[in-house]
$ cat model_37.pdb   # PDB, C-alpha atoms, pLDDT in the B column
MODEL        1
ATOM      1  CA  MET A   1      20.019  26.225 104.881  1.00 40.00           C
ATOM      2  CA  ILE A   2      18.749  27.281 108.277  1.00 44.00           C
ATOM      3  CA  ARG A   3      18.952  24.925 111.210  1.00 55.00           C
ATOM      4  CA  MET A   4      15.757  24.197 113.115  1.00 69.00           C
ATOM      5  CA  PHE A   5      15.759  26.355 116.243  1.00 80.00           C
ATOM      6  CA  ARG A   6      13.958  24.535 119.057  1.00 91.00           C
ATOM      7  CA  THR A   7      12.247  26.711 121.614  1.00 94.00           C
ATOM      8  CA  VAL A   8      11.076  25.972 125.136  1.00 95.00           C
ATOM      9  CA  GLN A   9       7.883  27.471 126.515  1.00 96.00           C
ATOM     10  CA  LYS A  10       7.753  28.238 130.248  1.00 96.00           C
ATOM     11  CA  ILE A  11       5.592  30.200 132.652  1.00 94.00           C
ATOM     12  CA  TYR A  12       7.066  33.488 133.857  1.00 93.00           C
ATOM     13  CA  THR A  13       7.918  33.378 137.546  1.00 93.00           C
ATOM     14  CA  ALA A  14       8.321  36.590 139.525  1.00 93.00           C
ATOM     15  CA  ALA A  15      10.846  36.775 142.366  1.00 95.00           C
ATOM     16  CA  ASP A  16       9.432  36.510 145.872  1.00 95.00           C
ATOM     17  CA  LEU A  17      11.054  39.434 147.656  1.00 97.00           C
ATOM     18  CA  PRO A  18      10.441  40.403 151.273  1.00 97.00           C
ATOM     19  CA  PHE A  19       8.576  43.670 151.767  1.00 97.00           C
ATOM     20  CA  THR A  20      10.336  46.334 153.821  1.00 96.00           C
ATOM     21  CA  ALA A  21       8.742  49.783 153.793  1.00 97.00           C
ATOM     22  CA  VAL A  22      11.348  52.554 153.879  1.00 97.00           C
ATOM     23  CA  THR A  23      11.397  56.229 153.010  1.00 97.00           C
ATOM     24  CA  SER A  24      13.227  57.526 149.949  1.00 96.00           C
ATOM     25  CA  GLU A  25      15.828  59.064 152.253  1.00 97.00           C
ATOM     26  CA  GLU A  26      16.447  55.713 153.979  1.00 97.00           C
ATOM     27  CA  PHE A  27      16.705  54.000 150.598  1.00 98.00           C
ATOM     28  CA  LEU A  28      19.249  56.562 149.400  1.00 97.00           C
ATOM     29  CA  SER A  29      21.261  56.672 152.647  1.00 97.00           C
ATOM     30  CA  GLY A  30      23.651  53.890 151.619  1.00 96.00           C
ATOM     31  CA  GLU A  31      22.734  51.761 154.623  1.00 97.00           C
ATOM     32  CA  LEU A  32      20.563  49.465 152.496  1.00 98.00           C
ATOM     33  CA  THR A  33      23.049  48.921 149.643  1.00 98.00           C
ATOM     34  CA  GLY A  34      23.848  45.367 150.755  1.00 98.00           C
ATOM     35  CA  GLU A  35      20.159  44.460 150.937  1.00 98.00           C
ATOM     36  CA  ILE A  36      19.488  46.137 147.573  1.00 98.00           C
ATOM     37  CA  ARG A  37      22.272  44.036 145.988  1.00 98.00           C
ATOM     38  CA  LYS A  38      20.855  40.886 147.570  1.00 98.00           C
ATOM     39  CA  ARG A  39      17.400  41.618 146.141  1.00 98.00           C
ATOM     40  CA  ILE A  40      18.864  42.400 142.718  1.00 98.00           C
ATOM     41  CA  GLN A  41      20.582  38.991 142.742  1.00 98.00           C
ATOM     42  CA  THR A  42      17.322  37.288 143.790  1.00 98.00           C
ATOM     43  CA  VAL A  43      15.400  38.916 140.948  1.00 98.00           C
ATOM     44  CA  ILE A  44      18.065  38.026 138.383  1.00 98.00           C
ATOM     45  CA  ARG A  45      18.273  34.435 139.654  1.00 98.00           C
ATOM     46  CA  THR A  46      14.479  34.061 139.294  1.00 97.00           C
ATOM     47  CA  GLU A  47      13.508  36.299 136.377  1.00 97.00           C
ATOM     48  CA  ALA A  48      16.522  36.640 134.070  1.00 98.00           C
ATOM     49  CA  PRO A  49      16.669  37.694 131.379  1.00 98.00           C
ATOM     50  CA  ILE A  50      15.051  40.846 132.703  1.00 98.00           C
ATOM     51  CA  THR A  51      15.099  44.410 131.430  1.00 97.00           C
ATOM     52  CA  GLU A  52      16.755  47.002 133.629  1.00 97.00           C
ATOM     53  CA  TRP A  53      13.540  48.945 134.131  1.00 95.00           C
ATOM     54  CA  LEU A  54      11.613  45.893 135.339  1.00 96.00           C
ATOM     55  CA  LEU A  55      14.511  44.820 137.578  1.00 98.00           C
ATOM     56  CA  ILE A  56      14.606  48.272 139.181  1.00 98.00           C
ATOM     57  CA  LYS A  57      10.828  48.267 139.579  1.00 96.00           C
ATOM     58  CA  ARG A  58      10.822  44.862 141.309  1.00 97.00           C
ATOM     59  CA  VAL A  59      13.522  45.915 143.773  1.00 98.00           C
ATOM     60  CA  ILE A  60      12.229  49.379 144.681  1.00 98.00           C
ATOM     61  CA  ASN A  61       8.645  48.102 145.013  1.00 97.00           C
ATOM     62  CA  SER A  62       9.887  45.598 147.606  1.00 98.00           C
ATOM     63  CA  PHE A  63      10.991  48.615 149.679  1.00 98.00           C
ATOM     64  CA  GLY A  64       7.598  50.311 149.355  1.00 98.00           C
ATOM     65  CA  ILE A  65       8.840  52.779 146.738  1.00 97.00           C
ATOM     66  CA  TYR A  66       6.700  52.911 143.616  1.00 95.00           C
ATOM     67  CA  LYS A  67       8.417  55.512 141.449  1.00 93.00           C
ATOM     68  CA  ALA A  68      11.973  55.432 140.164  1.00 92.00           C
ATOM     69  CA  GLY A  69      12.329  59.177 139.952  1.00 92.00           C
ATOM     70  CA  ALA A  70      15.260  61.551 139.545  1.00 95.00           C
ATOM     71  CA  ARG A  71      16.984  60.345 142.732  1.00 96.00           C
ATOM     72  CA  ILE A  72      16.009  56.656 142.987  1.00 97.00           C
ATOM     73  CA  ARG A  73      16.808  55.549 139.434  1.00 96.00           C
ATOM     74  CA  PRO A  74      20.394  56.933 139.385  1.00 96.00           C
ATOM     75  CA  GLU A  75      21.026  55.245 142.755  1.00 96.00           C
ATOM     76  CA  MET A  76      19.788  51.899 141.408  1.00 98.00           C
ATOM     77  CA  GLU A  77      21.829  52.316 138.209  1.00 96.00           C
ATOM     78  CA  ALA A  78      24.944  53.009 140.316  1.00 97.00           C
ATOM     79  CA  VAL A  79      24.370  49.886 142.433  1.00 98.00           C
ATOM     80  CA  LEU A  80      23.836  47.796 139.287  1.00 98.00           C
ATOM     81  CA  ALA A  81      26.964  49.217 137.634  1.00 97.00           C
ATOM     82  CA  GLY A  82      29.054  48.207 140.637  1.00 97.00           C
ATOM     83  CA  MET A  83      27.905  44.581 140.652  1.00 97.00           C
ATOM     84  CA  LYS A  84      29.679  43.141 137.570  1.00 94.00           C
ATOM     85  CA  LEU A  85      26.538  41.483 136.217  1.00 97.00           C
ATOM     86  CA  ASN A  86      25.944  39.725 132.904  1.00 97.00           C
ATOM     87  CA  VAL A  87      24.298  42.569 131.000  1.00 97.00           C
ATOM     88  CA  HIS A  88      23.645  42.958 127.284  1.00 97.00           C
ATOM     89  CA  THR A  89      21.891  45.720 125.425  1.00 95.00           C
ATOM     90  CA  ASP A  90      19.059  45.215 122.970  1.00 93.00           C
ATOM     91  CA  LYS A  91      16.528  47.638 121.522  1.00 91.00           C
ATOM     92  CA  THR A  92      14.647  47.720 124.860  1.00 89.00           C
ATOM     93  CA  GLY A  93      17.809  48.850 126.664  1.00 94.00           C
ATOM     94  CA  ARG A  94      19.935  46.951 129.175  1.00 97.00           C
ATOM     95  CA  VAL A  95      18.935  43.345 129.839  1.00 98.00           C
ATOM     96  CA  TYR A  96      20.337  41.414 132.790  1.00 98.00           C
ATOM     97  CA  TRP A  97      21.067  37.700 132.408  1.00 98.00           C
ATOM     98  CA  LYS A  98      22.100  34.926 134.782  1.00 97.00           C
ATOM     99  CA  PRO A  99      25.888  34.473 134.813  1.00 95.00           C
ATOM    100  CA  LYS A 100      25.903  31.547 132.367  1.00 93.00           C
ATOM    101  CA  GLN A 101      22.999  32.615 130.150  1.00 95.00           C
ATOM    102  CA  ASN A 102      23.890  33.620 126.598  1.00 93.00           C
ATOM    103  CA  PRO A 103      21.411  35.713 124.587  1.00 91.00           C
ATOM    104  CA  ASP A 104      22.605  34.083 121.353  1.00 88.00           C
ATOM    105  CA  THR A 105      21.822  30.528 122.435  1.00 91.00           C
ATOM    106  CA  TRP A 106      19.016  31.049 124.979  1.00 95.00           C
ATOM    107  CA  ASN A 107      15.894  29.357 123.559  1.00 96.00           C
ATOM    108  CA  GLU A 108      13.087  30.051 126.050  1.00 97.00           C
ATOM    109  CA  TYR A 109      10.037  32.260 126.015  1.00 97.00           C
ATOM    110  CA  ARG A 110       7.784  32.792 129.001  1.00 96.00           C
ATOM    111  CA  LEU A 111       4.026  33.102 129.221  1.00 94.00           C
ATOM    112  CA  PHE A 112       2.026  35.041 131.789  1.00 89.00           C
ATOM    113  CA  GLY A 113       1.484  33.209 135.064  1.00 82.00           C
ATOM    114  CA  ASP A 114      -1.502  33.306 137.369  1.00 76.00           C
ATOM    115  CA  TYR A 115      -0.973  36.697 138.964  1.00 70.00           C
ATOM    116  CA  ASP A 116      -0.203  40.279 137.979  1.00 74.00           C
ATOM    117  CA  LEU A 117       3.560  40.306 138.620  1.00 67.00           C
ATOM    118  CA  THR A 118       4.020  37.791 135.809  1.00 71.00           C
ATOM    119  CA  CYS A 119       2.217  39.987 133.269  1.00 86.00           C
ATOM    120  CA  ARG A 120       4.895  42.093 131.632  1.00 91.00           C
ATOM    121  CA  ASP A 121       4.276  45.015 129.338  1.00 93.00           C
ATOM    122  CA  VAL A 122       5.747  44.080 125.953  1.00 95.00           C
ATOM    123  CA  GLN A 123       8.273  46.911 126.133  1.00 92.00           C
ATOM    124  CA  TYR A 124       9.881  45.076 129.072  1.00 93.00           C
ATOM    125  CA  VAL A 125      10.163  41.706 127.340  1.00 96.00           C
ATOM    126  CA  PRO A 126      13.716  41.170 126.043  1.00 97.00           C
ATOM    127  CA  ASP A 127      14.050  41.036 122.261  1.00 97.00           C
ATOM    128  CA  ALA A 128      15.601  37.542 122.480  1.00 97.00           C
ATOM    129  CA  GLU A 129      12.485  36.259 124.228  1.00 97.00           C
ATOM    130  CA  ILE A 130      10.161  37.660 121.563  1.00 98.00           C
ATOM    131  CA  ALA A 131      12.478  36.197 118.903  1.00 97.00           C
ATOM    132  CA  ASN A 132      12.184  32.786 120.566  1.00 97.00           C
ATOM    133  CA  ALA A 133       8.392  33.055 120.726  1.00 97.00           C
ATOM    134  CA  ALA A 134       8.315  33.956 117.012  1.00 97.00           C
ATOM    135  CA  ALA A 135      10.513  30.936 116.236  1.00 96.00           C
ATOM    136  CA  GLY A 136       8.173  28.780 118.312  1.00 96.00           C
ATOM    137  CA  THR A 137       5.168  30.146 116.440  1.00 96.00           C
ATOM    138  CA  ALA A 138       6.756  29.282 113.086  1.00 95.00           C
ATOM    139  CA  GLU A 139       7.969  25.795 114.035  1.00 90.00           C
ATOM    140  CA  LYS A 140       5.221  23.978 112.132  1.00 86.00           C
ATOM    141  CA  GLN A 141       4.032  26.558 109.632  1.00 93.00           C
ATOM    142  CA  VAL A 142       5.188  29.141 107.125  1.00 96.00           C
ATOM    143  CA  LEU A 143       3.686  32.560 107.842  1.00 97.00           C
ATOM    144  CA  GLU A 144       3.498  36.019 106.343  1.00 97.00           C
ATOM    145  CA  TYR A 145       4.822  38.763 108.610  1.00 98.00           C
ATOM    146  CA  LYS A 146       1.411  40.057 109.730  1.00 97.00           C
ATOM    147  CA  ASP A 147       0.223  36.574 110.752  1.00 98.00           C
ATOM    148  CA  LEU A 148       3.526  35.751 112.466  1.00 98.00           C
ATOM    149  CA  ALA A 149       3.413  38.993 114.457  1.00 98.00           C
ATOM    150  CA  ARG A 150      -0.229  38.488 115.482  1.00 98.00           C
ATOM    151  CA  GLN A 151       0.194  34.828 116.444  1.00 97.00           C
ATOM    152  CA  THR A 152       3.406  35.548 118.368  1.00 98.00           C
ATOM    153  CA  ALA A 153       1.701  38.369 120.264  1.00 97.00           C
ATOM    154  CA  GLU A 154      -1.232  36.078 121.108  1.00 96.00           C
ATOM    155  CA  LEU A 155       1.155  33.338 122.237  1.00 95.00           C
ATOM    156  CA  LEU A 156       2.810  35.798 124.625  1.00 95.00           C
ATOM    157  CA  GLY A 157      -0.579  36.876 125.996  1.00 93.00           C
ATOM    158  CA  TYR A 158      -1.154  40.162 124.169  1.00 95.00           C
ATOM    159  CA  THR A 159      -4.682  40.278 122.800  1.00 91.00           C
ATOM    160  CA  ARG A 160      -4.465  43.630 121.013  1.00 93.00           C
ATOM    161  CA  MET A 161      -1.961  44.750 118.416  1.00 95.00           C
ATOM    162  CA  GLY A 162      -1.442  48.303 119.661  1.00 95.00           C
ATOM    163  CA  SER A 163       1.684  50.252 118.760  1.00 96.00           C
ATOM    164  CA  ASN A 164       3.747  48.894 121.698  1.00 96.00           C
ATOM    165  CA  VAL A 165       2.887  45.288 120.823  1.00 97.00           C
ATOM    166  CA  THR A 166       3.453  45.890 117.107  1.00 98.00           C
ATOM    167  CA  ASP A 167       6.856  47.465 117.852  1.00 97.00           C
ATOM    168  CA  GLY A 168       7.784  44.612 120.210  1.00 97.00           C
ATOM    169  CA  MET A 169       6.898  41.947 117.659  1.00 98.00           C
ATOM    170  CA  LYS A 170       8.948  43.758 115.005  1.00 98.00           C
ATOM    171  CA  ARG A 171      11.984  43.910 117.336  1.00 97.00           C
ATOM    172  CA  GLY A 172      11.708  40.209 118.094  1.00 97.00           C
ATOM    173  CA  ILE A 173      11.038  39.017 114.553  1.00 98.00           C
ATOM    174  CA  ASP A 174      13.895  41.135 113.178  1.00 97.00           C
ATOM    175  CA  LEU A 175      16.237  39.631 115.774  1.00 96.00           C
ATOM    176  CA  ALA A 176      14.966  36.108 115.029  1.00 96.00           C
ATOM    177  CA  VAL A 177      15.859  36.550 111.348  1.00 96.00           C
ATOM    178  CA  LYS A 178      19.204  38.210 112.131  1.00 95.00           C
ATOM    179  CA  THR A 179      20.248  35.385 114.498  1.00 94.00           C
ATOM    180  CA  GLY A 180      18.977  32.478 112.392  1.00 93.00           C
ATOM    181  CA  ARG A 181      16.053  31.577 114.620  1.00 94.00           C
ATOM    182  CA  LEU A 182      13.787  32.264 111.628  1.00 95.00           C
ATOM    183  CA  ALA A 183      14.292  32.162 107.874  1.00 94.00           C
ATOM    184  CA  LYS A 184      12.671  34.740 105.625  1.00 95.00           C
ATOM    185  CA  LYS A 185      12.010  33.825 102.022  1.00 94.00           C
ATOM    186  CA  ALA A 186       9.696  35.585  99.579  1.00 94.00           C
ATOM    187  CA  GLY A 187       8.077  37.573 102.384  1.00 91.00           C
ATOM    188  CA  LYS A 188       7.288  34.474 104.432  1.00 96.00           C
ATOM    189  CA  TYR A 189       8.833  33.269 107.667  1.00 96.00           C
ATOM    190  CA  SER A 190       9.642  29.738 108.811  1.00 94.00           C
ATOM    191  CA  ASN A 191      11.757  27.976 111.402  1.00 88.00           C
TER     192      ASN A 191
ENDMDL
END
$ encode --input "model_37.pdb" --output "structure tokens"
Amino acid sequence: MIRMFRTVQKIYTAADLPFTAVTSEEFLSGELTGEIRKRIQTVIRTEAPITEWLLIKRVINSFGIYKAGARIRPEMEAVLAGMKLNVHTDKTGRVYWKPKQNPDTWNEYRLFGDYDLTCRDVQYVPDAEIANAAAGTAEKQVLEYKDLARQTAELLGYTRMGSNVTDGMKRGIDLAVKTGRLAKKAGKYSN
């Protein structure tokens, strides 16, 4: 028998980073590595779990750089690799967690806040978070897959079931079943 998995709904909060406009050459010079690490830590402390792509985007945008191209992304990946962070991989890629967060026991999901930085494209929402939202959706009802996926997407703020949203819901629901957040019986899902 499955245990009831209790979820906690929160509002997504984006890190408040200072803005410092620099050129790509200044960013890559090595002189800003300490400040880049500091901003990475601030983003993780505020937004974890966070996908690597979104973490990189938050940090480089705070330096006035809006594209993680062929030179910027490898530099950011090298800085991240040297920091000994709590990182796990899911189907979205690398996800960074606070030092004591555990993807297997983390029970939160986060809704969009009042401004654009809190609205995340579904491909940048960690699978564990979608799994938690699916478990939250099924707490008081038994649902067929299609209804669970649609209601979970709506809960997370996605009004259309395009291919990215459909893929994201599948990743999360599959993980929820695999980790015991949801039970699947006769094609129906419950918590």
$ closest_residue --input "model_37.pdb" --among "A:Ala81, A:Met169, A:Ala14, A:Met76" --to "Thr42 (chain A)" --atoms "all atoms listed in the file"
A:Ala14
$ resolve_selection --input "model_37.pdb" --expression "the PyMOL selection byres ((chain A and resi 17) around 12)" --output "ChimeraX atom specification"
/A:14-16,18-20,35-36,38-47,55,57-64,117
$ atom_distance --input "model_37.pdb" --atom1 "CA of Val8 (chain A)" --atom2 "CA of Leu85 (chain A)"
24.5 Å
$ resolve_selection --input "model_37.pdb" --expression "the PyMOL selection byres ((chain A and resi 183) around 12)" --output "PyMOL selection string"
chain A and resi 1-5+131+134-135+138-139+141-145+173-182+184-191
$ atom_distance --input "model_37.pdb" --atom1 "CA of Arg160 (chain A)" --atom2 "CA of Tyr96 (chain A)"
27.5 Å
$ atom_distance --input "model_37.pdb" --atom1 "CA of Arg150 (chain A)" --atom2 "CA of Asn107 (chain A)"
20.2 Å
$ axis_aligned_box --input "model_37.pdb" --around "region 23-39 of chain A" --padding-each-side "5 Å" --output "lines of an AutoDock Vina configuration file"
center_x = 17.6
center_y = 50.0
center_z = 150.3
size_x = 22.5
size_y = 28.2
size_z = 18.6
$ residues_around --input "model_37.pdb" --residues "region 118-129 of chain A" --least-positions-apart "6" --cutoff "8 Å" --atoms "all atoms listed in the file" --output "PyMOL selection string"
chain A and resi 12-14+49-51+53-54+90-92+95+103-104+106-110+112+164-165+168+171-172+175-176
$ closest_residue --input "model_37.pdb" --among "A:Gly93, A:Asp167, A:Ile65, A:Ala78" --to "Glu26 (chain A)" --atoms "all atoms listed in the file"
A:Ile65
